[in-house]
$ cat protein.pdb   # PDB, C-alpha atoms
ATOM      1  CA  MET L   1     -36.928 -25.338  14.031
ATOM      2  CA  ARG L   2     -35.182 -22.077  14.904
ATOM      3  CA  THR L   3     -32.737 -23.922  17.199
ATOM      4  CA  THR L   4     -31.953 -26.413  14.446
ATOM      5  CA  MET L   5     -31.290 -23.641  11.910
ATOM      6  CA  ILE L   6     -28.964 -21.861  14.318
ATOM      7  CA  ARG L   7     -27.135 -25.107  14.974
ATOM      8  CA  VAL L   8     -26.716 -25.740  11.226
ATOM      9  CA  LEU L   9     -25.342 -22.234  10.743
ATOM     10  CA  GLN L  10     -22.922 -22.685  13.640
ATOM     11  CA  VAL L  11     -21.662 -25.981  12.220
ATOM     12  CA  GLY L  12     -21.312 -24.392   8.778
ATOM     13  CA  MET L  13     -19.329 -21.468  10.151
ATOM     14  CA  TYR L  14     -17.143 -23.843  12.160
ATOM     15  CA  MET L  15     -16.398 -25.939   9.077
ATOM     16  CA  SER L  16     -15.593 -22.804   7.068
ATOM     17  CA  VAL L  17     -13.115 -21.709   9.723
ATOM     18  CA  LEU L  18     -11.503 -25.154   9.714
ATOM     19  CA  ILE L  19     -11.181 -25.164   5.932
ATOM     20  CA  LEU L  20      -9.743 -21.656   5.893
ATOM     21  CA  SER L  21      -7.331 -22.479   8.723
ATOM     22  CA  HIS L  22      -6.206 -25.595   6.875
ATOM     23  CA  ALA L  23      -5.676 -23.619   3.679
ATOM     24  CA  LEU L  24      -3.670 -20.958   5.506
ATOM     25  CA  SER L  25      -1.648 -23.656   7.243
ATOM     26  CA  LEU L  26      -0.780 -25.240   3.903
ATOM     27  CA  TRP L  27       0.031 -21.790   2.563
ATOM     28  CA  ALA L  28       2.406 -21.138   5.458
ATOM     29  CA  GLN L  29       4.272 -24.358   4.664
ATOM     30  CA  ILE L  30       5.086 -23.250   1.114
ATOM     31  CA  PRO L  31       8.700 -22.035   0.912
ATOM     32  CA  PRO L  32       9.140 -18.279   0.407
ATOM     33  CA  GLY L  33       9.072 -17.328  -3.237
ATOM     34  CA  GLU L  34       7.174 -20.435  -4.265
ATOM     35  CA  ALA L  35       3.777 -18.766  -3.887
ATOM     36  CA  PRO L  36       2.381 -15.221  -4.132
ATOM     37  CA  ALA L  37       3.518 -13.187  -1.122
ATOM     38  CA  LEU L  38       0.075 -11.636  -0.653
ATOM     39  CA  GLY L  39      -1.451 -15.004   0.140
ATOM     40  CA  PRO L  40      -4.917 -16.334  -0.649
ATOM     41  CA  ASN L  41      -7.002 -13.690   1.127
ATOM     42  CA  ARG L  42      -7.311 -11.254  -1.740
ATOM     43  CA  ILE L  43     -10.222  -8.862  -2.088
ATOM     44  CA  THR L  44     -11.644  -7.691  -5.374
ATOM     45  CA  GLN L  45     -12.635  -4.283  -6.663
ATOM     46  CA  ASP L  46     -16.140  -5.658  -7.148
ATOM     47  CA  ALA L  47     -16.400  -6.462  -3.436
ATOM     48  CA  ILE L  48     -15.334  -2.924  -2.578
ATOM     49  CA  VAL L  49     -17.633  -1.177  -5.048
ATOM     50  CA  ASN L  50     -20.662  -3.208  -4.020
ATOM     51  CA  GLY L  51     -20.182  -2.543  -0.308
ATOM     52  CA  ARG L  52     -19.589  -6.135   0.739
ATOM     53  CA  LEU L  53     -16.648  -5.192   2.943
ATOM     54  CA  PRO L  54     -16.514  -2.857   5.949
ATOM     55  CA  LEU L  55     -14.186   0.120   5.701
ATOM     56  CA  GLU L  56     -11.875  -1.310   8.366
ATOM     57  CA  ASP L  57     -11.263  -4.450   6.267
ATOM     58  CA  ILE L  58     -10.557  -2.397   3.160
ATOM     59  CA  GLN L  59      -8.089  -0.223   5.068
ATOM     60  CA  GLN L  60      -6.273  -3.235   6.489
ATOM     61  CA  GLN L  61      -6.088  -4.884   3.076
ATOM     62  CA  GLY L  62      -4.712  -1.629   1.697
ATOM     63  CA  ARG L  63      -1.987  -1.548   4.350
ATOM     64  CA  THR L  64      -1.103  -5.167   3.601
ATOM     65  CA  LEU L  65      -0.999  -4.515  -0.142
ATOM     66  CA  PHE L  66       1.137  -1.409   0.407
ATOM     67  CA  ALA L  67       3.687  -3.108   2.643
ATOM     68  CA  THR L  68       3.994  -6.617   1.177
ATOM     69  CA  PRO L  69       7.177  -7.273  -0.849
ATOM     70  CA  PHE L  70       5.777  -8.620  -4.112
ATOM     71  CA  ASN L  71       7.353 -11.513  -5.945
ATOM     72  CA  LYS L  72       6.804 -12.491  -9.559
ATOM     73  CA  LEU L  73       3.862 -14.697  -8.637
ATOM     74  CA  ASP L  74       2.066 -11.605  -7.319
ATOM     75  CA  GLY L  75       2.597  -9.896 -10.636
ATOM     76  CA  PHE L  76       5.865  -8.188  -9.690
ATOM     77  CA  GLY L  77       8.177  -7.809 -12.614
ATOM     78  CA  ASP L  78       8.894  -5.911 -15.750
ATOM     79  CA  GLY L  79       6.156  -4.279 -17.785
ATOM     80  CA  PRO L  80       5.675  -4.730 -21.509
ATOM     81  CA  MET L  81       8.536  -3.803 -23.796
ATOM     82  CA  ASN L  82       6.044  -2.725 -26.446
ATOM     83  CA  PRO L  83       3.681   0.022 -25.156
ATOM     84  CA  GLU L  84       1.311  -0.699 -28.043
ATOM     85  CA  ASP L  85       0.761  -4.230 -26.727
ATOM     86  CA  PRO L  86      -0.050  -3.902 -22.990
ATOM     87  CA  LEU L  87      -0.594  -7.659 -22.651
ATOM     88  CA  ALA L  88       2.866  -8.528 -23.933
ATOM     89  CA  ALA L  89       5.273 -10.074 -21.473
ATOM     90  CA  GLY L  90       8.213  -8.071 -20.227
ATOM     91  CA  GLY L  91      11.698  -8.648 -21.447
ATOM     92  CA  ARG L  92      13.997  -5.813 -20.504
ATOM     93  CA  PRO L  93      17.653  -6.628 -19.805
ATOM     94  CA  THR L  94      18.513  -7.189 -16.153
ATOM     95  CA  LEU L  95      21.744  -6.781 -14.210
ATOM     96  CA  GLN L  96      24.001  -9.751 -14.892
ATOM     97  CA  GLY L  97      20.956 -11.622 -16.189
ATOM     98  CA  ASN L  98      19.342 -11.906 -12.750
ATOM     99  CA  GLY L  99      15.935 -11.878 -14.426
ATOM    100  CA  THR L 100      14.393  -9.285 -12.125
ATOM    101  CA  PHE L 101      16.367  -6.171 -11.189
ATOM    102  CA  LEU L 102      17.921  -3.492 -13.363
ATOM    103  CA  ARG L 103      17.953  -0.286 -11.254
ATOM    104  CA  VAL L 104      20.244   1.519 -13.715
ATOM    105  CA  ASN L 105      17.377   3.441 -15.305
ATOM    106  CA  GLY L 106      14.649   3.057 -12.719
ATOM    107  CA  LEU L 107      13.821   1.894  -9.226
ATOM    108  CA  ASP L 108      13.308  -1.782  -8.540
ATOM    109  CA  ALA L 109      11.117  -1.730  -5.442
ATOM    110  CA  GLN L 110       9.168  -4.819  -4.425
ATOM    111  CA  SER L 111       6.690  -2.906  -2.279
ATOM    112  CA  CYS L 112       5.142   0.553  -2.147
ATOM    113  CA  ALA L 113       6.539   1.023   1.364
ATOM    114  CA  GLU L 114      10.130   0.820   0.121
ATOM    115  CA  CYS L 115       9.756   4.257  -1.482
ATOM    116  CA  HIS L 116       6.937   5.744   0.634
ATOM    117  CA  ALA L 117       8.077   5.185   4.215
ATOM    118  CA  ILE L 118       8.885   8.579   5.806
ATOM    119  CA  VAL L 119       5.966  10.315   7.512
ATOM    120  CA  SER L 120       7.986  13.045   9.235
ATOM    121  CA  THR L 121      11.587  14.259   9.424
ATOM    122  CA  ASP L 122      10.895  16.372  12.512
ATOM    123  CA  THR L 123      12.332  13.581  14.643
ATOM    124  CA  ILE L 124      15.688  11.784  14.660
ATOM    125  CA  PRO L 125      15.459   9.080  13.509
ATOM    126  CA  PHE L 126      12.651  10.161  11.234
ATOM    127  CA  THR L 127       9.155   8.812  11.786
ATOM    128  CA  PHE L 128       8.416   5.754   9.703
ATOM    129  CA  GLY L 129       4.967   5.075   8.321
ATOM    130  CA  LEU L 130       3.043   3.802   5.334
ATOM    131  CA  GLY L 131       2.273   6.257   2.572
ATOM    132  CA  GLY L 132       4.888   8.898   3.244
ATOM    133  CA  VAL L 133       7.707  10.308   1.145
ATOM    134  CA  GLY L 134      11.040   8.670   0.407
ATOM    135  CA  GLY L 135      14.677   9.375   1.080
ATOM    136  CA  ALA L 136      16.966  10.836  -1.567
ATOM    137  CA  ASN L 137      18.064   7.317  -2.459
ATOM    138  CA  THR L 138      14.580   6.675  -3.857
ATOM    139  CA  ASN L 139      14.556   9.751  -6.091
ATOM    140  CA  VAL L 140      14.226   9.157  -9.795
ATOM    141  CA  ILE L 141      15.755  11.041 -12.709
ATOM    142  CA  ALA L 142      12.731  10.972 -14.968
ATOM    143  CA  ARG L 143      12.926  10.988 -18.753
ATOM    144  CA  PRO L 144      16.530  12.130 -19.197
ATOM    145  CA  THR L 145      18.140  12.314 -22.634
ATOM    146  CA  LEU L 146      21.472  13.523 -21.265
ATOM    147  CA  ILE L 147      23.322  12.471 -18.113
ATOM    148  CA  ASP L 148      26.833  13.917 -17.737
ATOM    149  CA  SER L 149      27.758  12.932 -14.181
ATOM    150  CA  ALA L 150      31.512  13.226 -14.885
ATOM    151  CA  ASP L 151      31.112  16.777 -16.265
ATOM    152  CA  GLY L 152      32.594  15.783 -19.593
ATOM    153  CA  LEU L 153      30.973  18.860 -21.139
ATOM    154  CA  GLY L 154      32.920  21.166 -18.793
ATOM    155  CA  PHE L 155      29.942  23.051 -17.356
ATOM    156  CA  GLY L 156      31.177  22.677 -13.774
ATOM    157  CA  THR L 157      28.053  20.663 -12.920
ATOM    158  CA  ALA L 158      26.797  17.103 -13.209
ATOM    159  CA  THR L 159      24.373  17.922 -15.982
ATOM    160  CA  PHE L 160      21.172  16.071 -16.735
ATOM    161  CA  ASP L 161      18.003  17.194 -18.468
ATOM    162  CA  GLY L 162      15.498  14.997 -16.669
ATOM    163  CA  ARG L 163      13.503  15.698 -13.520
ATOM    164  CA  PHE L 164      14.776  14.700 -10.065
ATOM    165  CA  ILE L 165      11.602  13.404  -8.437
ATOM    166  CA  ASN L 166      11.005  12.318  -4.836
ATOM    167  CA  PRO L 167       8.200   9.848  -4.109
ATOM    168  CA  PRO L 168       5.273  12.021  -2.943
ATOM    169  CA  PHE L 169       3.035  11.503   0.061
ATOM    170  CA  VAL L 170       0.048   9.376  -0.875
ATOM    171  CA  PHE L 171      -2.246  10.838   1.769
ATOM    172  CA  GLY L 172      -4.068  12.690  -0.986
ATOM    173  CA  ALA L 173      -1.040  14.728  -2.073
ATOM    174  CA  GLY L 174      -0.445  12.427  -5.012
ATOM    175  CA  GLY L 175      -3.726  13.532  -6.556
ATOM    176  CA  VAL L 176      -2.790  17.178  -6.092
ATOM    177  CA  GLU L 177       0.551  16.534  -7.772
ATOM    178  CA  LEU L 178      -1.156  14.890 -10.734
ATOM    179  CA  LEU L 179      -3.493  17.866 -11.013
ATOM    180  CA  GLY L 180      -0.470  20.166 -11.080
ATOM    181  CA  LYS L 181       1.122  18.069 -13.824
ATOM    182  CA  GLU L 182      -2.058  18.249 -15.909
ATOM    183  CA  MET L 183      -2.230  22.026 -15.473
ATOM    184  CA  THR L 184       1.432  22.360 -16.418
ATOM    185  CA  ALA L 185       0.842  20.320 -19.579
ATOM    186  CA  ASN L 186      -2.121  22.549 -20.483
ATOM    187  CA  LEU L 187      -0.061  25.690 -19.949
ATOM    188  CA  GLN L 188       2.737  24.312 -22.110
ATOM    189  CA  GLN L 189       0.187  23.709 -24.876
ATOM    190  CA  LEU L 190      -1.037  27.310 -24.554
ATOM    191  CA  LYS L 191       2.569  28.502 -24.746
ATOM    192  CA  THR L 192       2.914  26.627 -28.018
ATOM    193  CA  VAL L 193      -0.300  28.231 -29.280
ATOM    194  CA  ALA L 194       1.086  31.681 -28.462
ATOM    195  CA  LYS L 195       4.345  30.934 -30.292
ATOM    196  CA  GLN L 196       2.456  29.693 -33.344
ATOM    197  CA  ASN L 197       0.345  32.881 -33.391
ATOM    198  CA  PRO L 198       2.711  35.866 -33.032
ATOM    199  CA  GLY L 199       1.079  39.089 -31.892
ATOM    200  CA  THR L 200      -1.928  37.291 -30.398
ATOM    201  CA  ASP L 201      -2.889  37.408 -26.720
ATOM    202  CA  VAL L 202      -3.324  33.907 -25.320
ATOM    203  CA  GLU L 203      -5.098  33.547 -21.974
ATOM    204  CA  LEU L 204      -3.343  31.077 -19.714
ATOM    205  CA  LEU L 205      -6.467  29.430 -18.333
ATOM    206  CA  THR L 206      -6.446  25.842 -17.087
ATOM    207  CA  LYS L 207      -8.728  23.951 -14.707
ATOM    208  CA  GLY L 208     -10.624  27.191 -14.025
ATOM    209  CA  VAL L 209      -7.464  28.999 -12.845
ATOM    210  CA  SER L 210      -6.127  31.976 -14.778
ATOM    211  CA  PHE L 211      -2.385  32.589 -14.967
ATOM    212  CA  GLY L 212      -2.742  35.787 -16.935
ATOM    213  CA  VAL L 213      -1.985  36.452 -20.588
ATOM    214  CA  LEU L 214       0.970  35.402 -22.719
ATOM    215  CA  ARG L 215       2.040  36.975 -26.006
ATOM    216  CA  PHE L 216       4.758  36.038 -28.487
ATOM    217  CA  GLU L 217       6.084  38.936 -30.502
ATOM    218  CA  ASN L 218       9.328  39.910 -32.233
ATOM    219  CA  GLY L 219      10.811  36.497 -31.554
ATOM    220  CA  ARG L 220      10.318  36.553 -27.790
ATOM    221  CA  PHE L 221       7.627  35.918 -25.178
ATOM    222  CA  ASP L 222       6.038  38.868 -23.416
ATOM    223  CA  THR L 223       5.431  37.626 -19.859
ATOM    224  CA  SER L 224       4.616  41.035 -18.345
ATOM    225  CA  ARG L 225       0.978  40.003 -17.877
ATOM    226  CA  VAL L 226       1.633  36.471 -16.617
ATOM    227  CA  GLU L 227       0.415  35.926 -13.054
ATOM    228  CA  ALA L 228       1.183  33.359 -10.384
ATOM    229  CA  GLY L 229      -2.430  32.177 -10.354
TER     230      GLY L 229
END

$ encode --input "protein.pdb" --output "structure tokens"
Amino acid sequence: MRTTMIRVLQVGMYMSVLILSHALSLWAQIPPGEAPALGPNRITQDAIVNGRLPLEDIQQQGRTLFATPFNKLDGFGDGPMNPEDPLAAGGRPTLQGNGTFLRVNGLDAQSCAECHAIVSTDTIPFTFGLGGVGGANTNVIARPTLIDSADGLGFGTATFDGRFINPPFVFGAGGVELLGKEMTANLQQLKTVAKQNPGTDVELLTKGVSFGVLRFENGRFDTSRVEAG
């Protein structure tokens, strides 16, 4: 009985491999762009959360996801035009009506690795790798309301009021950056509180870190008691 059961399992596994191989073979015959670039072997968050996959498989899938150039069938494309309706289809204008890329006011990467590919600049050429920073060409001018690249205002500089942001490392540094952004937002709120309450000491405390005390008085901020944290 035991031998028979083992034989049945072996035949079942063999058939599964044949079916999978056939499916992958058919997949490989599909012309590029006519099917999702990630292929059929997708894992789900449920499989990860419930421990059905070994860590090595999750890591490899992560590398594949990070490095694969998405096409529209993978979900690549423009986000919703209306932020209040996250399920709405995209519809932004594209360069010469190409239907995909715009680049004028944002990056048009097809994969994470296009912007996060430099692990170290200690070597020449620099060391490539998944999850690193990006070159200056991948920097973004975030949320500008003024861009004066021709110096039409006569300031002697190419003025803009956005932020010039480089893609951060994603080896955990991204989380630290987000924490810093949250703390900065909290401190800006406390600054507003101080301005709205002249003559009142406002403690600059965020995420358990104290940056001293801020006071607004006589039309100006008193930063003599502000600390680096």

$ atom_distance --input "protein.pdb" --atom1 "CA of Thr123 in chain L" --atom2 "CA of Ile165 in chain L"
23.1 Å

$ atom_distance --input "protein.pdb" --atom1 "CA of Thr159 in chain L" --atom2 "CA of Arg103 in chain L"
19.9 Å

$ resolve_selection --input "protein.pdb" --expression "the PyMOL selection byres ((chain L and resi 135-141) around 7)" --output "count of residues only"
12

$ atom_distance --input "protein.pdb" --atom1 "CA of Thr200 in chain L" --atom2 "CA of Glu182 in chain L"
23.9 Å

$ axis_aligned_box --input "protein.pdb" --around "range 57-74 of chain L" --padding-each-side "8 Å" --output "JSON"
{"center_x": -2.0, "center_y": -7.5, "center_z": -1.5, "size_x": 34.6, "size_y": 30.5, "size_z": 32.0}

$ resolve_selection --input "protein.pdb" --expression "the PyMOL selection byres ((chain L and resi 148) around 12)" --output "VMD selection string"
chain L and resid 144 to 147 149 to 162

$ resolve_selection --input "protein.pdb" --expression "the PyMOL selection byres ((chain L and resi 65) around 10)" --output "PyMOL selection string"
chain L and resi 37-38+42+59-64+66-70+111-113

$ build_atoms --input "protein.pdb" --residues "range 34-70 of chain L" --atoms "N, CA and C atoms" --output "JSON list (two decimals), keeping the file's coordinate frame"
[["chain", "number", "residue", "atom", "x", "y", "z"],
["L", 34, "GLU", "N", 7.82, -19.38, -3.49],
["L", 34, "GLU", "CA", 7.17, -20.43, -4.26],
["L", 34, "GLU", "C", 5.68, -20.19, -4.42],
["L", 35, "ALA", "N", 5.20, -19.12, -3.80],
["L", 35, "ALA", "CA", 3.78, -18.77, -3.89],
["L", 35, "ALA", "C", 3.67, -17.25, -3.81],
["L", 36, "PRO", "N", 2.55, -16.67, -4.24],
["L", 36, "PRO", "CA", 2.38, -15.22, -4.13],
["L", 36, "PRO", "C", 2.53, -14.75, -2.69],
["L", 37, "ALA", "N", 3.27, -13.68, -2.48],
["L", 37, "ALA", "CA", 3.52, -13.19, -1.12],
["L", 37, "ALA", "C", 2.26, -12.66, -0.45],
["L", 38, "LEU", "N", 1.30, -12.19, -1.23],
["L", 38, "LEU", "CA", 0.08, -11.64, -0.65],
["L", 38, "LEU", "C", -0.84, -12.70, -0.07],
["L", 39, "GLY", "N", -0.63, -13.95, -0.44],
["L", 39, "GLY", "CA", -1.45, -15.00, 0.14],
["L", 39, "GLY", "C", -2.81, -15.13, -0.52],
["L", 40, "PRO", "N", -3.64, -16.03, 0.01],
["L", 40, "PRO", "CA", -4.92, -16.33, -0.65],
["L", 40, "PRO", "C", -6.04, -15.36, -0.34],
["L", 41, "ASN", "N", -5.89, -14.55, 0.71],
["L", 41, "ASN", "CA", -7.00, -13.69, 1.13],
["L", 41, "ASN", "C", -7.00, -12.37, 0.37],
["L", 42, "ARG", "N", -7.29, -12.44, -0.91],
["L", 42, "ARG", "CA", -7.31, -11.25, -1.74],
["L", 42, "ARG", "C", -8.75, -10.74, -1.87],
["L", 43, "ILE", "N", -8.91, -9.44, -1.87],
["L", 43, "ILE", "CA", -10.22, -8.86, -2.09],
["L", 43, "ILE", "C", -10.28, -8.32, -3.50],
["L", 44, "THR", "N", -11.48, -8.15, -4.01],
["L", 44, "THR", "CA", -11.64, -7.69, -5.37],
["L", 44, "THR", "C", -12.25, -6.29, -5.40],
["L", 45, "GLN", "N", -12.04, -5.60, -6.50],
["L", 45, "GLN", "CA", -12.64, -4.28, -6.66],
["L", 45, "GLN", "C", -14.15, -4.37, -6.62],
["L", 46, "ASP", "N", -14.68, -5.47, -7.15],
["L", 46, "ASP", "CA", -16.14, -5.66, -7.15],
["L", 46, "ASP", "C", -16.68, -5.71, -5.72],
["L", 47, "ALA", "N", -15.96, -6.38, -4.83],
["L", 47, "ALA", "CA", -16.40, -6.46, -3.44],
["L", 47, "ALA", "C", -16.38, -5.09, -2.77],
["L", 48, "ILE", "N", -15.42, -4.27, -3.15],
["L", 48, "ILE", "CA", -15.33, -2.92, -2.58],
["L", 48, "ILE", "C", -16.46, -2.05, -3.10],
["L", 49, "VAL", "N", -16.64, -2.05, -4.42],
["L", 49, "VAL", "CA", -17.63, -1.18, -5.05],
["L", 49, "VAL", "C", -19.04, -1.51, -4.58],
["L", 50, "ASN", "N", -19.31, -2.79, -4.39],
["L", 50, "ASN", "CA", -20.66, -3.21, -4.02],
["L", 50, "ASN", "C", -20.90, -3.23, -2.51],
["L", 51, "GLY", "N", -19.97, -2.70, -1.74],
["L", 51, "GLY", "CA", -20.18, -2.54, -0.31],
["L", 51, "GLY", "C", -20.23, -3.82, 0.49],
["L", 52, "ARG", "N", -19.55, -4.86, 0.02],
["L", 52, "ARG", "CA", -19.59, -6.14, 0.74],
["L", 52, "ARG", "C", -18.53, -6.21, 1.83],
["L", 53, "LEU", "N", -17.71, -5.19, 1.93],
["L", 53, "LEU", "CA", -16.65, -5.19, 2.94],
["L", 53, "LEU", "C", -16.73, -3.94, 3.79],
["L", 54, "PRO", "N", -16.55, -4.06, 5.11],
["L", 54, "PRO", "CA", -16.51, -2.86, 5.95],
["L", 54, "PRO", "C", -15.25, -2.06, 5.67],
["L", 55, "LEU", "N", -15.31, -0.77, 5.97],
["L", 55, "LEU", "CA", -14.19, 0.12, 5.70],
["L", 55, "LEU", "C", -12.92, -0.34, 6.40],
["L", 56, "GLU", "N", -13.05, -0.87, 7.62],
["L", 56, "GLU", "CA", -11.88, -1.31, 8.37],
["L", 56, "GLU", "C", -11.13, -2.43, 7.62],
["L", 57, "ASP", "N", -11.89, -3.35, 7.01],
["L", 57, "ASP", "CA", -11.26, -4.45, 6.27],
["L", 57, "ASP", "C", -10.55, -3.93, 5.02],
["L", 58, "ILE", "N", -11.17, -2.97, 4.36],
["L", 58, "ILE", "CA", -10.56, -2.40, 3.16],
["L", 58, "ILE", "C", -9.26, -1.68, 3.53],
["L", 59, "GLN", "N", -9.28, -0.93, 4.63],
["L", 59, "GLN", "CA", -8.09, -0.22, 5.07],
["L", 59, "GLN", "C", -6.96, -1.19, 5.41],
["L", 60, "GLN", "N", -7.30, -2.27, 6.11],
["L", 60, "GLN", "CA", -6.27, -3.24, 6.49],
["L", 60, "GLN", "C", -5.69, -3.93, 5.26],
["L", 61, "GLN", "N", -6.57, -4.27, 4.31],
["L", 61, "GLN", "CA", -6.09, -4.88, 3.08],
["L", 61, "GLN", "C", -5.18, -3.91, 2.32],
["L", 62, "GLY", "N", -5.54, -2.63, 2.35],
["L", 62, "GLY", "CA", -4.71, -1.63, 1.70],
["L", 62, "GLY", "C", -3.33, -1.55, 2.32],
["L", 63, "ARG", "N", -3.28, -1.58, 3.66],
["L", 63, "ARG", "CA", -1.99, -1.55, 4.35],
["L", 63, "ARG", "C", -1.15, -2.77, 3.98],
["L", 64, "THR", "N", -1.81, -3.93, 3.95],
["L", 64, "THR", "CA", -1.10, -5.17, 3.60],
["L", 64, "THR", "C", -0.57, -5.10, 2.17],
["L", 65, "LEU", "N", -1.41, -4.64, 1.26],
["L", 65, "LEU", "CA", -1.00, -4.51, -0.14],
["L", 65, "LEU", "C", 0.16, -3.55, -0.28],
["L", 66, "PHE", "N", 0.12, -2.45, 0.49],
["L", 66, "PHE", "CA", 1.14, -1.41, 0.41],
["L", 66, "PHE", "C", 2.48, -1.89, 0.94],
["L", 67, "ALA", "N", 2.46, -2.75, 1.94],
["L", 67, "ALA", "CA", 3.69, -3.11, 2.64],
["L", 67, "ALA", "C", 4.26, -4.46, 2.25],
["L", 68, "THR", "N", 3.52, -5.28, 1.51],
["L", 68, "THR", "CA", 3.99, -6.62, 1.18],
["L", 68, "THR", "C", 5.03, -6.57, 0.06],
["L", 69, "PRO", "N", 6.20, -7.18, 0.25],
["L", 69, "PRO", "CA", 7.18, -7.27, -0.85],
["L", 69, "PRO", "C", 6.68, -8.27, -1.91],
["L", 70, "PHE", "N", 6.29, -7.76, -3.04],
["L", 70, "PHE", "CA", 5.78, -8.62, -4.11],
["L", 70, "PHE", "C", 6.87, -9.54, -4.64]]
